[in-house]
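J.: Shown below is the structure under consideration.
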Amino acid sequence: MAGGGPSRLAHLRRTVQSLRDGDLAGAAWQIAKSAVLVKVGLPLLAIAAAVLLLVAVIAGTLSSAGNAAAQACSGGQAIDVALETGDVGPVGPPAPAADVPIYQAAAAHFALGVQGPSILAAINEVETTFDTSHEPGVHSGANSKGAEGAMQFEPGTWATYGIAAPGGANPPSPYDETDAVWSAANYLHASGAPGSWRSAIYAYNHAGWYVDEVLADAAAIAQSGQAGEAGVPGGGPADVSEQCAAAATAGTQPLTAAQTATILPGGTAAAPANAPQAVKLAIAAGNELINKPYRYGGGYDQPLTSLAPSYDCASSTSFVLHGAGLFGTSAEDSTALESYGAGGPGQWITVYANSGHAFIDVAGVVLDTAWYWTSPTGAPLEQPTHPNSGPRWQPASIIPNQVTHDIYGGFVERHPAGF
């Protein structure tokens with residue numbers, strides 16, 4: 001943590017969690033890592049001149065709680081990236097692909113050099129397993145050491161170094177992953193990075209074993225990214241400009257039958273086996289809502305990190321995006337969703353929004369609180385009433401009728417960058 005120290009059983013916990021999740025490769029990776037800690041101290045290359053790169057701004061304005069990957073590209077302003085070696089350092093598995101642009105943009109903004117993105121990712125992994133841990137203090141409150149949020153800041157440290165990241169929470173929050181990563185980059189830079197990574201990481205958490213673990217994790221994350229295994233948009237090494245360019249053109253390739261989700265008899269949906277992890281998480285989040293009733297304004301009075309008693313159209317869409325790691329922690333209404341993420345339909349995920357309604361298409365199935373189908377006479381019917389009210393999975397075939405007959409008019413199509 002920033003100013004403290006997490007449990008030294010972190011590797012064991014992550015190994016057990018991988019086994020519980022059926023992720024044998026992940027468990028093996030943790031065991032191998034525990035067996036040998038690679039000490040990393042790559043010297044920085046001498047720089048003849050710093051090259052300023054203006055990262056392309058994705059068309060459209062992002063909402064304040066929009067897609068974190070797209071926010072790393074725009075967020076209402078361009079990010080001036082100082083590329084110290086002609087490229088931003090690579091980030092690969094086990095870092096989530098959706099988080100890669102956050103690490104890279106934050107590292108570039110604070111001039112952390114080629115190692116910066118992978119070290120930010122490694123700290124995020126050691127502290128909260130990429131913000132997926134359910135330990136106290138990760139998504140709310142504080143742990144026994146007083147640490148809070150995705151990068152485990154202590155309140156005093158956050159008060160000094162916490163900043164509002166592009167597209168982060170308003171006001172900035174240690175529980176918002178984008179804010180937390182950017183604030184960690186700010187803290188590391190103030191502590192001497194990239195000139196002395198060991199000193200900077202030790203300032204973040206005063207423990208020699210912690211420094212070794214972060215550097216070992218960072219080396220593995222960078223190596224897998226360099227090998228082109230990251231699974232980020234475009235493939236190959238994770239580079240901010242490549243990812244932002246790919247994000248701007250996402251959604252141009254139609255899904256195949258094998259890439260389309262299936263609605264099961266009980267009403268839940270099964271994600272395609274070859275779908276990106278974020279898409280699978282979005283489907284899983286939607287499955288948590290299929291028995292929830294509809295209530296206008298439902299789902300806005302508590303964070304998206306926990307289930308509400310009821311949901312409306314936009315709050316259920318927000319919940320699905322948050323579950324995928326592509327949204328903030330507070331639900332947005334349909335008007336705000338009109339400016340979510342990047343413009344146009346996505347390949348895997350598309351948000352449909354107008355001034356009065358919103359729904360989401362994930363891998364070819366739709367989570368919607370309005371029910372559209374065609375009657376025997378050919379006329380479209382709508383039934384947003386009990387018992388069919390509330391968010392439910394429906395086939396994508398409802399979209400034309402929904403778009404054509406919605407009482408609020410046409411829909412804006414948006415998508416999370418890279419999906």
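Labeling convention for the structure tokens: chains A, B, ... as they appear, residues from 1 per chain, ligands from 1 in order of appearance.
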Write out as a list in words the residues lying within 12 Å of Tyr187 (chain A), counting only C-alpha atoms and excluding same-chain residues fewer than 6 positions away.
T.: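 My reading of the contact set: Met1, Ala2, Gly3, Ala106, Ala107, Phe110, Leu112, Leu120, Met151, Phe153, Thr157, Trp158, Ala159, Thr160, Tyr161, Gly162, Ile163, Ala180, Val181, Ala193, Pro194, Trp197, Ser199, Ala200, Ile201, Tyr202, Ala203, Tyr204 and Asn205 of chain A.
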J.: Name the residues in contact with Ala218 (chain A) at a cut-off of 6 Å, using only C-alpha atoms, excluding same-chain residues fewer than 3 positions from it; report them as a list of chain:residue names.
T.: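 So, after excluding close chain neighbours, the residues are A:Ser118, A:Ile119, A:Ala122, A:Val214, A:Leu215, A:Ile221, A:Ala222.
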J.: If you run DSSP over the backbone, which residues in region 247-351 of chain A end up alpha helix (DSSP H)? Put them as a list in words.
T.: Ala247, Ala248, Gln277, Ala278, Val279, Lys280, Leu281, Ala282, Ile283, Ala284, Ala285, Gly286, Asn287, Cys313, Ala314, Ser315, Ser316, Thr317, Ser318, Phe319, Val320, Leu321, His322, Gly323, Ser334, Thr335, Ala336 and Leu337 of chain A
J.: Pick out each residue of region 239-324 of chain A that DSSP on the backbone tags as strand (DSSP E or B); I need them as a PyMOL selection string.
T.: chain A and resi 262-263+269-270+294+311
J.: List the neighbours of region 264-278 of chain A out to 9 Å using only C-alpha atoms; skip same-chain residues closer than 3 positions along the sequence, and give me the result as a VMD selection string.
T.: chain A and resid 96 to 98 231 258 to 261 281 to 284 286 to 288 290 to 291 321 323 to 326 348 362 to 363 365 392 to 394 419
J.: Those residues with C-alpha atoms, as a short mmCIF file (atom, residue, chain, number, x, y, z; two decimals), in the first residue's frame please?
T.:
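Once everything was written out, this is selection28.cif:
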```cif
data_model
loop_
_atom_site.label_atom_id
_atom_site.label_comp_id
_atom_site.auth_asym_id
_atom_site.auth_seq_id
_atom_site.Cartn_x
_atom_site.Cartn_y
_atom_site.Cartn_z
CA PRO A 96 -6.51 -6.89 -17.88
CA ALA A 97 -6.43 -5.60 -21.45
CA ALA A 98 -8.99 -2.92 -20.60
CA GLY A 231 -4.66 -9.26 -26.14
CA ALA A 258 -19.13 -18.63 -32.41
CA GLN A 259 -18.71 -15.13 -30.98
CA THR A 260 -22.40 -14.69 -30.13
CA ALA A 261 -23.73 -15.23 -26.61
CA LEU A 281 -17.63 -10.22 -17.07
CA ALA A 282 -20.31 -8.05 -18.67
CA ILE A 283 -22.47 -11.12 -19.33
CA ALA A 284 -21.92 -12.30 -15.74
CA GLY A 286 -26.13 -8.94 -16.52
CA ASN A 287 -26.96 -12.39 -15.18
CA GLU A 288 -27.06 -10.91 -11.68
CA ILE A 290 -32.34 -10.86 -14.56
CA ASN A 291 -34.65 -11.28 -11.55
CA LEU A 321 -20.40 -1.96 -17.90
CA GLY A 323 -19.02 -5.43 -14.00
CA ALA A 324 -16.83 -5.57 -17.10
CA GLY A 325 -14.40 -3.08 -15.60
CA LEU A 326 -15.44 -0.48 -18.19
CA TRP A 348 -18.45 -6.82 -28.76
CA VAL A 362 -23.17 -7.63 -25.34
CA ALA A 363 -21.89 -10.27 -27.76
CA VAL A 365 -27.63 -10.41 -26.87
CA ARG A 392 -33.73 -9.14 -19.02
CA TRP A 393 -31.59 -10.74 -21.73
CA GLN A 394 -33.25 -10.67 -25.14
CA PHE A 419 -14.62 -3.66 -27.66
#
```
J.: Rounded to one decimal, what separation in Å do you get between CA of Gly364 (chain A) and CA of Ser315 (chain A)?
T.: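 Result for CA of Gly364 (chain A) versus CA of Ser315 (chain A): 20.1 Å, one decimal.
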J.: Calculated over only C-alpha atoms, which of the candidates A:Gly92, A:Pro395, A:Gly137, A:Gly208 has the smallest distance to Ile263 (chain A)?
T.: A:Pro395
J.: Need to verify the contact set: Arg295 (chain A), 9 Å, only C-alpha atoms, exclusion of same-chain residues closer than 4 positions in sequence. Can you return it as a PyMOL selection string?
T.: chain A and resi 299+310-313+389-390
J.: Of the candidates A:Asn170, A:Gln226, A:Ser196, A:Ala353, which one gets nearest to Thr335 (chain A) if we count only C-alpha atoms?
T.: A:Ala353
J.: Between A:Gly409, A:Pro303, A:Pro136, A:Gly149, single out the one closest to Glu332 (chain A), counting only C-alpha atoms.
T.: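 Counting only C-alpha atoms, the residue closest to Glu332 (chain A) is A:Pro303.
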J.: Interatomic distance between CA of His415 (chain A) and CA of His357 (chain A)?
T.: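 For CA of His415 (chain A) relative to CA of His357 (chain A), the distance reads 16.2 Å.
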J.: Excluding same-chain residues fewer than 2 positions from Thr128 (chain A), what lies within 9 Å of it counting only C-alpha atoms, as a list in words?
T.: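 So, after excluding close chain neighbours, the residues are Ile123, Asn124, Glu125, Val126, Phe130, Asp131, Thr132, Ser133, His134, Glu135, Val138, Gly149, Ala150, Met151 and Gln152 of chain A.
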